[in-house]
Each structure stands twice: as C-alpha cells, then as structure tokens.
>>> print(open('upload_4.txt').read())   # compact mmCIF, C-alpha atoms
# COMPACT_ATOMS: atom_id res chain seq x y z
CA MET A 272 57.30 -21.01 11.32
CA LYS A 273 53.87 -19.83 10.26
CA ILE A 274 52.19 -21.18 7.15
CA GLU A 275 49.02 -19.87 5.53
CA LEU A 276 46.93 -20.74 2.51
CA LYS A 277 45.63 -17.99 0.25
CA LYS A 278 43.66 -17.97 -2.99
CA ILE A 279 42.23 -21.39 -2.20
CA GLN A 280 40.41 -23.18 -5.01
CA TYR A 281 38.60 -26.34 -3.91
CA SER A 282 36.69 -28.85 -6.02
CA GLU A 283 34.32 -31.04 -4.02
CA PHE A 284 33.15 -33.07 -7.02
CA ALA A 285 36.74 -33.94 -8.02
CA SER A 286 37.78 -34.91 -4.49
CA GLN A 287 37.91 -38.68 -4.27
CA GLU A 288 40.49 -40.09 -1.85
CA THR A 289 42.02 -36.72 -1.02
CA ALA A 290 40.87 -33.12 -1.31
CA CYS A 291 41.21 -31.67 -4.81
CA PHE A 292 42.54 -28.15 -4.41
CA GLN A 293 45.11 -25.54 -5.31
CA ALA A 294 46.32 -22.69 -3.10
CA ASP A 295 49.13 -20.25 -2.60
CA LEU A 296 51.30 -21.38 0.32
CA TYR A 297 52.76 -18.52 2.35
CA VAL A 298 55.59 -19.11 4.82
CA ASP A 299 56.14 -16.42 7.45
CA GLY A 300 53.96 -14.01 5.49
CA LYS A 301 55.74 -14.42 2.15
CA PRO A 302 54.61 -16.30 -0.97
CA PHE A 303 56.55 -19.54 -1.09
CA ALA A 304 54.83 -22.17 -3.21
CA ILE A 305 51.72 -23.20 -5.03
CA VAL A 306 50.43 -26.33 -3.35
CA SER A 307 47.87 -28.60 -4.95
CA ASN A 308 46.40 -32.07 -4.96
CA ASP A 309 44.50 -33.72 -7.81
CA GLY A 310 42.11 -35.44 -5.39
CA ILE A 311 42.74 -39.05 -6.41
CA GLY A 312 45.07 -39.97 -3.57
CA GLY A 313 48.70 -39.28 -2.91
CA CYS A 314 50.74 -36.43 -1.55
CA ASP A 315 50.37 -32.73 -2.23
CA MET A 316 52.43 -31.19 -5.01
CA HIS A 317 54.52 -28.08 -4.40
CA TYR A 318 55.71 -25.67 -7.08
CA LYS A 319 57.75 -22.53 -6.56
CA HIS A 320 55.44 -19.51 -6.36
CA PRO A 321 56.01 -16.97 -9.16
CA LYS A 322 56.46 -14.21 -6.55
CA ASN A 323 59.07 -16.22 -4.64
CA PRO A 324 62.45 -14.54 -5.40
CA GLN A 325 64.51 -17.63 -4.46
CA THR A 326 66.42 -19.63 -7.02
CA TYR A 327 65.08 -23.14 -7.60
CA LYS A 328 67.99 -24.54 -5.59
CA GLU A 329 67.22 -22.24 -2.63
CA TYR A 330 63.51 -23.05 -2.93
CA ASN A 331 64.10 -26.81 -2.89
CA GLU A 332 66.47 -26.52 0.08
CA GLU A 333 63.92 -24.49 2.04
CA LEU A 334 61.12 -26.91 1.08
CA ASP A 335 63.25 -29.79 2.42
CA THR A 336 63.87 -27.79 5.61
CA ILE A 337 60.13 -27.20 6.06
CA PHE A 338 59.34 -30.90 5.56
CA LYS A 339 62.06 -31.82 8.07
CA TRP A 340 60.81 -29.25 10.59
CA TYR A 341 57.30 -30.71 10.54
CA LYS A 342 58.65 -34.25 10.84
CA ASP A 343 60.85 -33.35 13.81
CA ASN A 344 58.58 -30.91 15.67
CA VAL A 345 54.95 -31.84 15.11
CA LYS A 346 53.03 -34.88 16.32
CA VAL A 347 49.53 -35.68 15.13
CA GLU A 348 47.11 -37.91 17.01
CA SER A 349 46.31 -41.12 15.16
CA GLU A 350 44.22 -44.12 16.11
CA TYR A 351 46.21 -46.19 13.63
CA SER A 352 49.52 -45.89 15.46
CA GLU A 353 50.65 -47.95 18.44
CA THR A 354 51.98 -44.79 20.09
CA GLY A 355 48.76 -42.86 19.47
CA TYR A 356 50.42 -40.34 17.19
CA VAL A 357 52.32 -40.03 13.91
CA LYS A 358 55.03 -37.58 12.93
CA GLY A 359 53.78 -34.37 11.41
CA SER A 360 54.16 -33.38 7.81
CA LEU A 361 53.63 -30.34 5.64
CA ASP A 362 50.80 -32.22 3.89
CA ILE A 363 48.99 -32.74 7.20
CA ALA A 364 49.43 -29.07 8.12
CA VAL A 365 48.13 -27.95 4.72
CA GLY A 366 45.21 -30.38 5.07
CA GLU A 367 44.30 -28.91 8.46
CA LEU A 368 44.39 -25.36 7.05
CA LEU A 369 42.22 -26.44 4.12
CA GLU A 370 39.73 -28.12 6.46
CA LYS A 371 39.59 -24.99 8.63
CA TYR A 372 38.93 -22.86 5.54
CA LEU A 373 36.17 -25.19 4.27
CA ILE A 374 34.44 -25.31 7.67
CA GLU A 375 34.56 -21.52 7.98
CA ARG A 376 33.16 -21.15 4.47
CA GLU A 377 30.33 -23.57 5.31
CA VAL A 378 29.50 -21.84 8.59
CA LYS A 379 29.48 -18.40 6.94
CA SER A 380 27.21 -19.68 4.18
CA LEU A 381 24.80 -21.37 6.58
CA THR A 382 24.56 -18.47 9.03
CA SER A 383 24.20 -15.79 6.37
CA ARG A 384 20.84 -17.18 5.24
CA ASN A 385 19.65 -19.17 8.25
CA ILE A 386 19.40 -19.37 11.99
CA VAL A 387 21.26 -22.62 12.73
CA VAL A 388 20.10 -24.50 15.84
CA PHE A 389 21.93 -27.42 17.45
CA VAL A 390 20.04 -29.42 20.06
CA ASN A 391 22.35 -30.26 22.96
CA ASP A 392 21.23 -33.86 23.40
CA GLY A 393 24.41 -35.63 22.26
CA ARG A 394 23.23 -36.27 18.71
CA LYS A 395 24.94 -34.82 15.67
CA GLY A 396 23.19 -32.50 13.25
CA PHE A 397 21.26 -29.26 13.31
CA TYR A 398 18.06 -27.51 12.28
CA LYS A 399 18.10 -24.46 10.08
CA TYR A 400 15.46 -21.78 9.91
CA GLY A 401 15.60 -19.50 6.87
CA LYS A 402 15.90 -15.85 7.84
CA LYS A 403 13.78 -14.81 4.87
CA LYS A 404 11.13 -17.53 5.27
CA TYR A 405 10.65 -16.88 8.98
CA LYS A 406 10.93 -13.08 8.52
CA ILE A 407 13.61 -12.95 11.20
CA GLN A 408 15.14 -9.67 10.10
CA SER A 409 11.97 -7.90 9.00
CA ILE A 410 9.82 -8.39 12.11
CA PRO A 411 11.14 -6.82 15.34
CA GLY A 412 11.33 -9.36 18.17
CA ARG A 413 10.91 -12.31 15.81
CA LEU A 414 14.21 -13.91 16.79
CA ASP A 415 13.42 -13.63 20.50
CA TYR A 416 10.04 -15.27 19.84
CA LEU A 417 11.74 -18.10 17.95
CA LYS A 418 14.28 -18.59 20.73
CA GLU A 419 11.40 -19.11 23.17
CA LYS A 420 9.89 -21.65 20.76
CA PHE A 421 13.25 -23.43 20.39
CA LYS A 422 13.48 -23.69 24.18
CA GLU A 423 9.98 -25.17 24.26
CA TRP A 424 10.65 -27.60 21.38
CA TYR A 425 14.26 -28.61 22.02
CA GLY A 426 15.08 -27.84 25.63
CA ASP A 427 18.81 -27.12 25.73
CA PHE A 428 20.05 -25.73 22.40
CA THR A 429 22.83 -23.65 20.86
CA ILE A 430 22.35 -21.13 18.07
CA LEU A 431 25.41 -21.11 15.86
CA ASN A 432 24.74 -17.51 14.80
CA ASP A 433 25.21 -16.32 18.40
CA LEU A 434 28.82 -17.59 18.57
CA GLU A 435 32.00 -15.85 17.43
CA MET A 436 33.28 -17.26 14.12
CA GLN A 437 36.13 -19.34 15.56
CA GLU A 438 33.92 -20.76 18.31
CA ALA A 439 31.12 -21.39 15.77
CA CYS A 440 33.52 -23.30 13.50
CA GLU A 441 34.79 -25.45 16.38
CA TYR A 442 31.23 -26.13 17.54
CA TYR A 443 30.10 -26.98 14.00
CA LYS A 444 33.04 -29.36 13.49
CA ALA A 445 32.40 -31.11 16.82
CA HIS A 446 28.65 -31.51 16.29
CA THR A 447 28.26 -32.47 12.64
>>> encode(input="upload_4.txt", output="structure tokens")
Amino acid sequence: MKIELKKIQYSEFASQETACFQADLYVDGKPFAIVSNDGIGGCDMHYKHPKNPQTYKEYNEELDTIFKWYKDNVKVESEYSETGYVKGSLDIAVGELLEKYLIEREVKSLTSRNIVVFVNDGRKGFYKYGKKKYKIQSIPGRLDYLKEKFKEWYGDFTILNDLEMQEACEYYKAHT
C-alpha cells in the first residue's frame, strides 16, 4: 500500500500541539480522502475525497482496513515504550509524509537563495551565505574561492547545495 499527500496546505502559526494542515490523501495513486488536523492536539480527520468514486460505506470499510494494516504491519521507534516501539498508525504515516514535505520545502527555499554550510564538528546548525550578497552566480570562480575560505575558516564542512535533494533533506534533518 502506497500513500501520498498532495495539495498540502500547512499553517505554522496555527500549529500548537500538532501540525495544522489539510491535504489530499492518495492511496495507490488514487484520490482517497482529505486528511486534516486543526493543530490543537488530537488525531487527524479523514473525509471522503470528492474524486473518490466509492460509496460512503465502501470508503469507511477501506479506511478501517488501512488503519488496521498500519496497526498490524508497521512499528515505529519510541523512547516512551518499554519495547522500544509502538504500533504504527495512519496518523503517524501522514505525519511522516508531512514532515518530509516541510523539510524539503525548507531546504529548497534555503538553497535557492543561499549557499548553506554545515560545519562537521558535531554541533547542530548552519551558516548561510546569500548568493546575491556574495555575488556567487555573477562572478566566475566565486564559489570555488568561497569553498577555499570555508575550508580555512571551518575545517571539515558540508555544503547542502552540493547534495542531491533527498540526501540534502536527510542531512538537514539530522543536523538541525
């Protein structure tokens, strides 16, 4: 079973105990539900997608099947459980997809305007150098010059812009 989120709308300011969002939930490539959370705690809400041809009875039966599948087949690591994991749920899976989307959006935004430098010294955080301010794209060889300076200033470093998107997102998540 493959689930995807599309048409994601996220509200950071309204997110309190949980993420405030709404998205189209696709199951195996087909529109299934509209999933949302009001951001004040509690479970996600699921409503039949307008493009889902199922009857409401069929929709509810399939939604129950999806919830059961996650409960029976997915385990999620948890420091709060004696076993070290908890049973999976559709809400956890949706939350992971939302987090992946938000991280990718953040990385794209950061790297579109900046050179993002992580110092590999075990600390979290990064430095950003504006492409426009440092004339990185307008002066040939400017980036190579800056890389030499970064090596001098920071020693071992990683430039987020040099990584493929998936690798950049994983690196960003691990180091911020």
>>> atom_distance(input="upload_4.txt", atom1="CA of Ser380 in chain A", atom2="CA of Pro411 in chain A")
23.4 Å
>>> residues_around(input="upload_4.txt", residues="range 312-316 of chain A", least_positions_apart="4", cutoff="10 Å", atoms="all atoms listed in the file", output="number ranges by chain")
A: 286-293, 304-308, 361-363, 365-366
>>> residues_around(input="upload_4.txt", residues="range 436-442 of chain A", least_positions_apart="6", cutoff="9 Å", atoms="all atoms listed in the file", output="JSON, numbers by chain")
{"A": [371, 374, 375, 377, 378, 379]}
>>> closest_residue(input="upload_4.txt", among="A:Tyr443, A:Phe428, A:Tyr405, A:Tyr372", to="Asp392 in chain A", atoms="all atoms listed in the file")
A:Phe428
>>> residues_around(input="upload_4.txt", residues="Leu414 in chain A", least_positions_apart="5", cutoff="10 Å", atoms="all atoms listed in the file", output="PyMOL selection string")
chain A and resi 386+402+405-408+419-420
>>> atom_distance(input="upload_4.txt", atom1="CA of Gly300 in chain A", atom2="CA of Ile274 in chain A")
7.6 Å
>>> residues_around(input="upload_4.txt", residues="Gly401 in chain A", least_positions_apart="2", cutoff="8 Å", atoms="all atoms listed in the file", output="short mmCIF file (atom, residue, chain, number, x, y, z; two decimals) with C-alpha atoms, keeping the file's coordinate frame")
data_model
loop_
_atom_site.label_atom_id
_atom_site.label_comp_id
_atom_site.auth_asym_id
_atom_site.auth_seq_id
_atom_site.Cartn_x
_atom_site.Cartn_y
_atom_site.Cartn_z
CA ARG A 384 20.84 -17.18 5.24
CA ASN A 385 19.65 -19.17 8.25
CA ILE A 386 19.40 -19.37 11.99
CA LYS A 399 18.10 -24.46 10.08
CA LYS A 403 13.78 -14.81 4.87
CA LYS A 404 11.13 -17.53 5.27
CA TYR A 405 10.65 -16.88 8.98
#
>>> closest_residue(input="upload_4.txt", among="A:Ile311, A:Leu368, A:Asn432, A:Gly412", to="Tyr400 in chain A", atoms="only C-alpha atoms")
A:Asn432
>>> atom_distance(input="upload_4.txt", atom1="CA of Leu431 in chain A", atom2="CA of Val388 in chain A")
6.3 Å
>>> closest_residue(input="upload_4.txt", among="A:Lys301, A:Glu333, A:Gly355, A:Thr382", to="Leu434 in chain A", atoms="all atoms listed in the file")
A:Thr382
>>> closest_residue(input="upload_4.txt", among="A:Ala285, A:Leu417, A:Val298, A:Val345", to="Tyr330 in chain A", atoms="all atoms listed in the file")
A:Val298
